Structures are given as structure tokens and as C-alpha cells.
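Content type CSV, C-alpha atoms, from the file coords.csv:
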chain,number,residue,atom,x,y,z
A,193,MET,CA,53.2,239.6,-5.2
A,194,ASN,CA,49.8,241.0,-4.1
A,195,LYS,CA,48.2,240.5,-0.8
A,196,GLN,CA,46.1,237.5,-1.8
A,197,GLU,CA,49.1,235.8,-3.3
A,198,PHE,CA,51.2,236.5,-0.2
A,199,MET,CA,48.4,235.1,2.1
A,200,THR,CA,48.2,231.9,0.0
A,201,PHE,CA,51.9,231.6,0.0
A,202,LEU,CA,52.1,232.0,3.8
A,203,THR,CA,49.2,229.6,4.4
A,204,LYS,CA,50.9,227.0,2.2
A,205,LYS,CA,54.2,227.4,4.0
A,206,LEU,CA,52.7,227.1,7.4
A,207,HIS,CA,50.6,224.0,6.5
A,208,ARG,CA,52.2,221.9,9.2
A,209,PHE,CA,50.7,224.0,11.9
A,210,ASP,CA,47.1,223.9,13.1
A,211,TYR,CA,44.4,226.1,11.6
A,212,LYS,CA,44.3,228.6,14.5
A,213,ASN,CA,48.0,229.3,14.2
A,214,ILE,CA,47.9,229.8,10.5
A,215,GLN,CA,44.7,232.0,10.7
A,216,ASP,CA,46.4,234.1,13.4
A,217,ALA,CA,49.5,234.8,11.4
A,218,VAL,CA,47.7,235.4,8.2
A,219,SER,CA,45.3,237.9,9.8
A,220,TYR,CA,48.3,239.7,11.4
A,221,TYR,CA,49.9,240.3,8.0
A,222,ASP,CA,46.6,241.0,6.4
A,223,GLU,CA,46.1,243.9,8.9
A,224,ILE,CA,49.6,245.3,8.4
A,225,ILE,CA,49.4,245.2,4.6
A,226,ASP,CA,46.0,246.9,4.8
A,227,ASP,CA,47.5,249.6,7.1
A,228,LYS,CA,50.4,250.1,4.7
A,229,VAL,CA,48.1,250.3,1.7
A,230,ARG,CA,46.0,252.9,3.6
A,231,GLU,CA,49.2,255.0,3.9
A,232,GLY,CA,49.6,255.0,0.1
A,233,MET,CA,51.6,251.9,-0.7
A,234,SER,CA,50.4,249.5,-3.4
A,235,GLU,CA,49.7,246.0,-2.2
A,236,GLU,CA,52.8,244.8,-4.0
A,237,GLU,CA,55.0,247.4,-2.3
A,238,ALA,CA,53.5,246.6,1.1
A,239,VAL,CA,54.2,242.9,0.6
A,240,ALA,CA,57.7,243.7,-0.6
A,241,SER,CA,58.3,245.9,2.4
A,242,LEU,CA,57.8,242.9,4.7
A,243,GLY,CA,61.2,241.6,3.5
A,244,ASN,CA,62.4,238.2,2.3
A,245,LEU,CA,59.6,235.7,2.0
A,246,ASN,CA,61.6,232.8,3.4
A,247,ASP,CA,62.7,234.9,6.4
A,248,ILE,CA,59.1,235.9,7.0
A,249,VAL,CA,58.0,232.3,7.1
A,250,ALA,CA,60.9,231.3,9.3
A,251,GLU,CA,60.4,234.1,11.8
A,252,THR,CA,56.6,233.8,11.8
A,253,ALA,CA,56.9,230.2,12.6
A,254,SER,CA,59.6,230.6,15.2
A,255,GLU,CA,57.3,230.7,18.2
A,256,MET,CA,54.8,228.1,16.8
A,257,VAL,CA,55.0,224.6,18.1
A,258,ALA,CA,54.4,222.1,15.4
A,259,ASP,CA,53.0,218.9,16.9
A,260,ASN,CA,54.1,216.6,14.1
A,261,LYS,CA,52.8,213.5,15.8
A,262,ILE,CA,49.3,214.7,16.1
A,263,LYS,CA,48.9,217.4,13.5
A,264,ASN,CA,50.7,215.8,10.7
A,265,PRO,CA,50.7,212.0,10.9
A,266,GLY,CA,51.6,211.8,7.2
A,267,ARG,CA,55.3,212.0,7.7
A,268,GLY,CA,55.4,209.7,10.7
A,269,LEU,CA,53.3,207.2,8.9
A,270,PHE,CA,55.5,207.4,5.8
A,271,LEU,CA,58.6,206.7,7.9
A,272,LEU,CA,56.9,203.9,9.7
A,273,MET,CA,55.7,202.3,6.4
A,274,ALA,CA,59.1,202.9,4.9
A,275,THR,CA,60.8,201.1,7.9
A,276,ILE,CA,58.3,198.3,7.9
A,277,LEU,CA,58.3,197.8,4.2
A,278,SER,CA,62.0,198.3,3.6
A,279,PRO,CA,62.7,194.5,3.8
A,280,VAL,CA,60.0,194.2,1.1
A,281,ILE,CA,60.8,197.2,-1.0
A,282,LEU,CA,64.5,196.6,-1.2
A,283,PRO,CA,64.3,193.0,-2.7
A,284,LEU,CA,61.4,194.3,-4.9
A,285,ALA,CA,63.7,197.0,-6.3
A,286,ILE,CA,66.4,194.4,-6.9
A,287,VAL,CA,63.9,192.2,-8.7
A,288,ILE,CA,62.7,195.0,-10.9
A,289,LEU,CA,66.3,196.0,-11.6
A,290,THR,CA,67.2,192.4,-12.5
A,291,LEU,CA,64.1,192.3,-14.7
A,292,TYR,CA,65.4,195.3,-16.6
A,293,VAL,CA,68.8,193.8,-17.1
A,294,VAL,CA,67.2,190.5,-18.3
A,295,ILE,CA,64.9,192.3,-20.8
A,296,PHE,CA,67.9,194.3,-22.0
A,297,ALA,CA,70.1,191.2,-22.4
A,298,VAL,CA,67.4,189.2,-24.2
A,299,TRP,CA,66.8,192.1,-26.6
A,300,ILE,CA,70.5,192.6,-27.3
A,301,SER,CA,71.0,188.8,-27.8
A,302,LEU,CA,68.0,188.7,-30.2
A,303,ILE,CA,69.6,191.5,-32.3
A,304,ALA,CA,73.0,189.8,-32.1
A,305,ALA,CA,71.5,186.4,-33.1
A,306,PHE,CA,69.6,187.9,-36.1
A,307,GLY,CA,72.7,189.9,-37.1
A,308,ALA,CA,75.0,186.8,-36.9
A,309,SER,CA,72.6,184.5,-38.7
A,310,ALA,CA,71.9,187.1,-41.4
A,311,LEU,CA,75.6,187.5,-41.9
A,312,GLY,CA,76.2,183.7,-41.8
A,313,VAL,CA,73.5,183.0,-44.3
A,314,LEU,CA,74.7,185.7,-46.6
A,315,VAL,CA,78.2,184.3,-46.6
A,316,GLY,CA,76.8,180.8,-46.9
A,317,GLY,CA,74.7,182.0,-49.9
A,318,PHE,CA,77.7,183.4,-51.7
A,319,PHE,CA,79.7,180.2,-51.0
A,320,SER,CA,76.9,178.0,-52.3
A,321,VAL,CA,76.7,180.2,-55.5
A,322,PHE,CA,80.4,180.0,-56.1
A,323,THR,CA,81.5,176.6,-54.8
A,324,LEU,CA,78.4,174.5,-55.4
A,325,GLY,CA,77.6,176.2,-58.6
A,326,ASP,CA,73.9,175.7,-57.8
A,327,ILE,CA,72.5,179.1,-58.4
A,328,GLY,CA,69.0,178.2,-57.3
A,329,VAL,CA,70.1,177.1,-53.8
A,330,GLY,CA,72.4,180.1,-53.6
A,331,ILE,CA,69.7,182.5,-54.4
A,332,LEU,CA,67.3,180.8,-52.0
A,333,ILE,CA,69.9,181.1,-49.2
A,334,LEU,CA,70.6,184.7,-50.2
A,335,GLY,CA,66.9,185.4,-50.0
A,336,LEU,CA,66.8,183.9,-46.5
A,337,SER,CA,69.7,186.2,-45.5
A,338,LEU,CA,67.7,189.1,-46.9
A,339,ILE,CA,64.8,188.2,-44.7
A,340,ALA,CA,67.1,187.9,-41.7
A,341,PHE,CA,68.5,191.4,-42.6
A,342,VAL,CA,65.1,192.9,-42.8
A,343,ILE,CA,64.2,191.5,-39.4
A,344,LEU,CA,67.5,192.7,-38.0
A,345,ALA,CA,66.8,196.2,-39.4
A,346,ALA,CA,63.3,196.1,-38.0
A,347,LEU,CA,64.7,195.2,-34.5
A,348,CYS,CA,67.2,198.0,-34.8
A,349,VAL,CA,64.6,200.5,-35.8
A,350,VAL,CA,62.3,199.4,-32.9
A,351,THR,CA,65.3,199.7,-30.5
A,352,VAL,CA,66.3,203.2,-31.7
A,353,LYS,CA,62.7,204.5,-31.9
A,354,TYR,CA,61.2,203.0,-28.8
A,355,GLY,CA,64.1,202.0,-26.7
A,356,LYS,CA,64.7,205.6,-25.5
A,357,ASP,CA,61.0,206.1,-24.8
A,358,PHE,CA,60.9,202.8,-23.0
A,359,ILE,CA,63.8,203.7,-20.8
A,360,ASN,CA,62.5,207.3,-20.3
A,361,LEU,CA,59.1,206.0,-19.4
A,362,ILE,CA,60.2,203.4,-16.9
A,363,THR,CA,63.3,204.9,-15.4
A,364,VAL,CA,62.9,208.7,-15.5
A,365,LYS,CA,59.2,208.6,-14.5
A,366,LEU,CA,60.0,206.3,-11.7
A,367,ILE,CA,62.8,208.4,-10.4
A,368,ARG,CA,60.8,211.6,-10.9
A,369,LYS,CA,58.0,210.2,-8.9
A,370,LEU,CA,60.2,209.0,-6.1
A,371,SER,CA,62.1,212.3,-5.9
A,372,LYS,CA,58.9,214.2,-5.9
A,373,LYS,CA,57.7,212.2,-3.0
A,374,PHE,CA,61.0,212.7,-1.3
A,375,ARG,CA,60.9,216.4,-1.9
A,376,LYS,CA,57.4,216.6,-0.5
A,377,GLU,CA,58.7,214.9,2.6
A,378,GLU,CA,61.6,217.2,2.7
A,379,ASN,CA,59.3,220.3,2.7
A,380,ILE,CA,57.4,219.0,5.7
A,381,LYS,CA,60.6,219.0,7.8
B,226,MET,CA,73.5,244.0,18.1
B,227,ASP,CA,73.8,240.5,19.6
B,228,THR,CA,70.6,238.6,18.7
B,229,GLN,CA,70.0,237.2,22.2
B,230,LEU,CA,70.4,240.6,23.8
B,231,LYS,CA,68.2,242.2,21.1
B,232,LYS,CA,65.5,239.6,21.6
B,233,GLY,CA,65.3,240.5,25.3
B,234,LEU,CA,65.3,244.2,24.6
B,235,LEU,CA,62.6,243.9,21.9
B,236,ASP,CA,60.3,242.2,24.3
B,237,ILE,CA,60.7,245.0,26.8
B,238,CYS,CA,60.4,247.7,24.1
B,239,VAL,CA,57.1,246.2,23.0
B,240,LEU,CA,55.8,246.1,26.5
B,241,ALA,CA,56.9,249.7,27.1
B,242,GLU,CA,55.1,250.8,24.0
B,243,LEU,CA,51.9,249.1,25.3
B,244,ASN,CA,52.5,250.6,28.7
B,245,CYS,CA,51.8,254.0,27.2
B,246,GLN,CA,48.7,252.9,25.3
B,247,ASP,CA,47.0,249.9,23.7
B,248,SER,CA,48.4,249.5,20.2
B,249,TYR,CA,48.2,247.4,17.0
B,250,GLY,CA,50.8,245.7,14.8
B,251,TYR,CA,51.7,248.4,12.4
B,252,GLN,CA,51.6,251.2,15.0
B,253,ILE,CA,54.1,249.3,17.2
B,254,ILE,CA,56.5,248.9,14.3
B,255,LYS,CA,56.3,252.6,13.5
B,256,ASP,CA,56.8,253.7,17.1
B,257,LEU,CA,59.7,251.3,17.8
B,258,SER,CA,61.6,251.6,14.5
B,259,PRO,CA,63.4,254.8,15.4
B,260,ILE,CA,64.7,253.2,18.6
B,261,ILE,CA,65.4,249.6,17.7
B,262,GLU,CA,65.5,247.6,14.5
B,263,ILE,CA,62.3,245.7,14.2
B,264,SER,CA,60.3,244.3,11.3
B,265,GLU,CA,56.8,242.9,10.9
B,266,SER,CA,58.0,239.4,10.9
B,267,THR,CA,60.2,239.8,14.0
B,268,LEU,CA,57.3,241.5,15.9
B,269,TYR,CA,54.9,238.6,15.3
B,270,PRO,CA,56.7,236.0,17.3
B,271,ILE,CA,57.3,238.5,20.1
B,272,LEU,CA,53.6,239.3,20.4
B,273,LYS,CA,52.8,235.6,20.4
B,274,ARG,CA,55.4,234.9,23.1
B,275,LEU,CA,54.3,237.8,25.3
B,276,GLU,CA,50.7,236.7,24.9
B,277,GLU,CA,51.6,233.2,25.9
B,278,ARG,CA,53.3,234.4,29.0
B,279,GLU,CA,50.3,236.5,29.8
B,280,CYS,CA,52.3,239.7,29.6
B,281,LEU,CA,49.6,241.1,27.2
B,282,LYS,CA,46.1,240.3,26.0
B,283,THR,CA,44.4,241.1,22.8
B,284,TYR,CA,41.1,242.4,21.7
B,285,SER,CA,39.6,243.4,18.4
B,286,LEU,CA,38.1,246.8,17.4
B,287,GLU,CA,36.5,247.7,14.2
B,288,HIS,CA,38.4,250.3,12.3
B,289,ASP,CA,37.4,251.6,8.9
B,290,GLY,CA,35.1,248.6,8.4
B,291,ARG,CA,37.6,245.9,9.3
B,292,LEU,CA,38.8,244.4,12.5
B,293,ARG,CA,42.0,245.5,14.0
B,294,ARG,CA,43.7,243.6,16.7
B,295,TYR,CA,44.8,245.6,19.7
B,296,TYR,CA,47.4,244.5,22.2
B,297,GLN,CA,47.0,245.5,25.9
B,298,ILE,CA,49.6,245.1,28.6
B,299,THR,CA,48.7,243.1,31.7
B,300,HIS,CA,49.9,243.5,35.3
B,301,ILE,CA,52.4,240.7,34.6
B,302,GLY,CA,53.7,242.7,31.6
B,303,LYS,CA,54.1,245.8,33.8
B,304,GLU,CA,56.0,243.7,36.3
B,305,LYS,CA,58.3,242.6,33.6
B,306,ILE,CA,59.1,246.2,32.7
B,307,GLU,CA,59.7,246.9,36.4
B,308,GLU,CA,62.0,243.9,36.7
B,309,PHE,CA,64.0,245.0,33.7
B,310,CYS,CA,64.5,248.5,35.0
B,311,GLN,CA,65.7,247.1,38.3
B,312,GLU,CA,68.0,244.7,36.6
B,313,TRP,CA,69.4,247.6,34.6
B,314,ASN,CA,71.3,248.8,37.7
B,315,THR,CA,73.1,245.5,37.8
B,316,ILE,CA,73.6,245.6,34.1
B,317,SER,CA,75.2,249.0,34.1
B,318,ASP,CA,77.6,247.8,36.8
B,319,ILE,CA,78.5,245.0,34.5
B,320,ILE,CA,79.0,247.4,31.6
B,321,ASN,CA,81.3,249.6,33.7
B,322,PHE,CA,83.3,246.5,34.7
B,323,ILE,CA,83.6,245.5,31.0
B,324,ARG,CA,84.7,249.0,30.0
B,325,GLY,CA,87.1,249.2,32.8
B,326,ALA,CA,88.7,245.9,31.9
B,327,LYS,CA,89.6,247.2,28.4
Could you express the structure from this file as C-alpha cells?
Amino acid sequence: MNKQEFMTFLTKKLHRFDYKNIQDAVSYYDEIIDDKVREGMSEEEAVASLGNLNDIVAETASEMVADNKIKNPGRGLFLLMATILSPVILPLAIVILTLYVVIFAVWISLIAAFGASALGVLVGGFFSVFTLGDIGVGILILGLSLIAFVILAALCVVTVKYGKDFINLITVKLIRKLSKKFRKEENIK
Amino acid sequence: MDTQLKKGLLDICVLAELNCQDSYGYQIIKDLSPIIEISESTLYPILKRLEERECLKTYSLEHDGRLRRYYQITHIGKEKIEEFCQEWNTISDIINFIRGAK
């Protein structure tokens, strides 16, 4: 890590403090790294000699007072909104979840219905061919069952091909977005 | 060394360094390292704390075409050193007591 990268890293990590605090800390390290470079170290060596990055951040910030209420209203606002909206968000989440379940159930029953009717018509077709002896009606019914099978196959293909994408899209993206938001909040702590 | 004890000692060491001459970050580290374990990131909050308590003040001087921040001890800082040295008598009594109790 060179000096510039270190400065950027430190600035980012100290973002919850006010500008003056950050500026002060950054110029302190800037000066020391320059001094070390002047003594023959490379920038990378000078940065590495400062020690563990997380320790540096923790120690540098140890005397700084973060006024979260004034300097960083984001988190407070988020918590406030979350508290106020939780009676809204929770039922909303339940509704969305229920919607998923319903869509899933409808889809499954659609496939099941087509499967059952295709099978039924197929069996019916054979019966009519052999018991009624009416080959014309039998073939017609068998043809119907063929159509039902084609639709069933199409449904299955759609399910296999797009079902995963659909679930990925909706669920994974949603969870990722939420956890990202959560992690962001976690970092501010 | 116990961290609380070390913290107190570091403050005084930094003040003692500045009592000899005005100094800057890297110089303080270099001068104190042989005596007490100190790193750049431990020095920073010490300097901040001492400045806040008005034990030292800062000024900037140009050095090799860039600004260098110098730290200068104040009379409050000098008093702190004095206090510490006076306390030391009491502390050595305590140490003798601790040693004797072994």
C-alpha cells in the first residue's frame, strides 16, 4: 500500500468524524511517512512500518469524539425510520412472502393439473380405442392428450429454465441488498 | 507493561521530550523508542490528548518544501512533569511496600 492508498483508506475509515479531525490525522501520518521515505524507506515500507491497519484506525480514533447525532444523522435517521416503519414493513414482508407462496402454489397446481389431465386423456384415449372400437374418437382423444403433454413439457421447461432465475432475482437480490444496507450500518458503529 | 500505567508514563515521556526541545512526530518516536515502546499510531492520540489539556501547543514550520508540525510544551505541561516527579516519591514507597510484601 503506498501513501496515497493509505491516506484514502484512513479517510474512509474515519468518515464518521468531522473534517478537521480527519484532516489532522491524515496530515500527521502524511508527515511521518514522508520523514521515513526521506530516511530511505519506500512508501510501501513506510506504510507497512506503521503496523496493522485496523489497529492504526482504532488507535488514531481513540481520542476522537464522534458526535453521531450531529455529524452523522444517517444512522439515527435509519433507526428512527426502521422503528416507525416496522409496523408497516413487517406486515408488508409477510404479504410479499405470502404472495411468493401463492404464486408458487398456483404454478405447481397448474403443472399438476396439466400433468393429471394429460395422463387422464391419454388413458381415456387408449380406453376408447380398445373398448369403444372407435378409432377416430380414440385418435382425437390421444391427440388432445398429446397437446396436454406438450403444454406440460413447456411448463416444466419454463420452470426449470426461469424458475431458478426468478427465485435468484427476487430472493437473492433482495437479501443481498438488505444485508449490504445492514453491513453499511454495521460499519458506521 | 500494564496498559493503564504505560499510558500515563507515555504522556509524561512525550512531555519530557518536548521539555528539552520542540519536536515533531517522527522525531518524538525515534527519541522515545529506546526508552519505552511507542508507535506512530499510539503517539497520535497522546498528542491530541495533551493538546486538548493545553499541555502542549502546535505550530507549523516549513521544512524541505513542506509543512512540518512542531509540538511545544506549555507551562501546564511543565507542571505535569513536576507533579509526576513529586508523585514518584510516593510511588517508590508503594513499590517498596509491594516488594516487601512478597
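Restricting the calculation to all atoms listed in the file, the smallest distance between Val239 (chain A) and any of A:Ile281, A:Val349, A:Ala217, A:Met193 is found for A:Met193.
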(message) Would you mind listing, as a VMD selection string, all residues of chain A that have at least one atom within 6 Å of chain B, where all atoms listed in the file are what counts?
(response) chain A and resid 224 248 251 to 252 255
(message) With all atoms listed in the file as the counted atoms, please give the residues lying no more than 9 Å from Cys238 (chain B), apart from itself and same-chain residues fewer than 3 positions off, as a ChimeraX atom specification.
(response) /B:233-235,241-243,257,260-261,306
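Across the model, the gap from CA of Gly335 (chain A) to CA of Ala308 (chain A) is 15.5 Å.
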(message) So the first atom is CA of Glu308 (chain B) and the second is CA of Leu230 (chain B); what is the distance between them in Å, to one decimal place?
(response) 15.7 Å
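Using only C-alpha atoms for every distance, the candidate list A:Ser254, A:Asn244, A:Thr203, A:Ser337 yields A:Thr203 as the residue closest to Asp216 (chain A).
For the atom pair formed by CA of Thr275 (chain A) and CA of Val287 (chain A), the distance is 19.1 Å, given to one decimal.
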(request) Mind checking which residues fall within 9 Å of Gln196 (chain A), counting all atoms listed in the file, ignoring those fewer than 4 positions away in the same chain, and posting them as a VMD selection string? (result) chain A and resid 200 to 201 222
(request) Would you mind telling me which residue in A:Met199, A:Ile362, A:Ile225, A:Leu324 lies nearest to Glu237 (chain A) when using only C-alpha atoms? (result) A:Ile225
(request) Using all atoms listed in the file, determine which residues lie at most 9 Å from Leu202 (chain A), disregarding the query and same-chain residues fewer than 2 positions distant; provide the list as a PyMOL selection string. (result) chain A and resi 197-200+204-207+214+217-218+245+248-249
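Taking all atoms listed in the file into account, Ser285 (chain B) lies nearest to B:Asp247 out of the set B:Asp236, B:Asp247, B:Asp227, B:Glu262.
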(request) Return the single residue from A:Leu314, A:Ala250, A:Val350, A:Leu277 that is closest to Leu334 (chain A), with distances computed using only C-alpha atoms. (result) A:Leu314
Completion step: region 203-219 of chain A with N, CA, C and O atoms as a JSON list (two decimals), in the frame of the given file:
[["chain", "number", "residue", "atom", "x", "y", "z"],
["A", 203, "THR", "N", 50.03, 230.67, 3.93],
["A", 203, "THR", "CA", 49.20, 229.60, 4.40],
["A", 203, "THR", "C", 49.81, 228.23, 3.96],
["A", 203, "THR", "O", 49.87, 227.28, 4.74],
["A", 204, "LYS", "N", 50.29, 228.20, 2.71],
["A", 204, "LYS", "CA", 50.90, 227.00, 2.20],
["A", 204, "LYS", "C", 52.13, 226.59, 3.01],
["A", 204, "LYS", "O", 52.33, 225.44, 3.40],
["A", 205, "LYS", "N", 52.95, 227.61, 3.26],
["A", 205, "LYS", "CA", 54.20, 227.40, 4.00],
["A", 205, "LYS", "C", 54.03, 226.96, 5.41],
["A", 205, "LYS", "O", 54.88, 226.31, 6.00],
["A", 206, "LEU", "N", 52.91, 227.37, 5.98],
["A", 206, "LEU", "CA", 52.70, 227.10, 7.40],
["A", 206, "LEU", "C", 51.76, 225.86, 7.57],
["A", 206, "LEU", "O", 51.22, 225.64, 8.65],
["A", 207, "HIS", "N", 51.60, 225.08, 6.50],
["A", 207, "HIS", "CA", 50.60, 224.00, 6.50],
["A", 207, "HIS", "C", 50.75, 222.99, 7.62],
["A", 207, "HIS", "O", 49.81, 222.31, 8.00],
["A", 208, "ARG", "N", 51.97, 222.90, 8.17],
["A", 208, "ARG", "CA", 52.20, 221.90, 9.20],
["A", 208, "ARG", "C", 51.64, 222.29, 10.56],
["A", 208, "ARG", "O", 51.62, 221.52, 11.51],
["A", 209, "PHE", "N", 51.24, 223.57, 10.66],
["A", 209, "PHE", "CA", 50.70, 224.00, 11.90],
["A", 209, "PHE", "C", 49.17, 223.93, 11.90],
["A", 209, "PHE", "O", 48.58, 223.75, 10.85],
["A", 210, "ASP", "N", 48.58, 224.07, 13.09],
["A", 210, "ASP", "CA", 47.10, 223.90, 13.10],
["A", 210, "ASP", "C", 46.45, 225.17, 12.56],
["A", 210, "ASP", "O", 47.06, 226.23, 12.41],
["A", 211, "TYR", "N", 45.18, 225.03, 12.29],
["A", 211, "TYR", "CA", 44.40, 226.10, 11.60],
["A", 211, "TYR", "C", 44.46, 227.40, 12.36],
["A", 211, "TYR", "O", 44.62, 228.45, 11.74],
["A", 212, "LYS", "N", 44.37, 227.34, 13.68],
["A", 212, "LYS", "CA", 44.30, 228.60, 14.50],
["A", 212, "LYS", "C", 45.61, 229.38, 14.33],
["A", 212, "LYS", "O", 45.59, 230.60, 14.15],
["A", 213, "ASN", "N", 46.73, 228.68, 14.41],
["A", 213, "ASN", "CA", 48.00, 229.30, 14.20],
["A", 213, "ASN", "C", 48.16, 230.01, 12.89],
["A", 213, "ASN", "O", 48.62, 231.14, 12.81],
["A", 214, "ILE", "N", 47.75, 229.31, 11.84],
["A", 214, "ILE", "CA", 47.90, 229.80, 10.50],
["A", 214, "ILE", "C", 46.95, 231.07, 10.36],
["A", 214, "ILE", "O", 47.37, 232.13, 9.89],
["A", 215, "GLN", "N", 45.72, 230.92, 10.81],
["A", 215, "GLN", "CA", 44.70, 232.00, 10.70],
["A", 215, "GLN", "C", 45.25, 233.24, 11.42],
["A", 215, "GLN", "O", 45.13, 234.35, 10.91],
["A", 216, "ASP", "N", 45.84, 233.02, 12.57],
["A", 216, "ASP", "CA", 46.40, 234.10, 13.40],
["A", 216, "ASP", "C", 47.45, 234.89, 12.66],
["A", 216, "ASP", "O", 47.41, 236.11, 12.57],
["A", 217, "ALA", "N", 48.41, 234.13, 12.13],
["A", 217, "ALA", "CA", 49.50, 234.80, 11.40],
["A", 217, "ALA", "C", 49.05, 235.48, 10.17],
["A", 217, "ALA", "O", 49.46, 236.61, 9.89],
["A", 218, "VAL", "N", 48.18, 234.82, 9.43],
["A", 218, "VAL", "CA", 47.70, 235.40, 8.20],
["A", 218, "VAL", "C", 46.93, 236.71, 8.44],
["A", 218, "VAL", "O", 47.15, 237.71, 7.76],
["A", 219, "SER", "N", 46.10, 236.72, 9.50],
["A", 219, "SER", "CA", 45.30, 237.90, 9.80],
["A", 219, "SER", "C", 46.24, 239.05, 10.29],
["A", 219, "SER", "O", 45.98, 240.24, 10.05]]
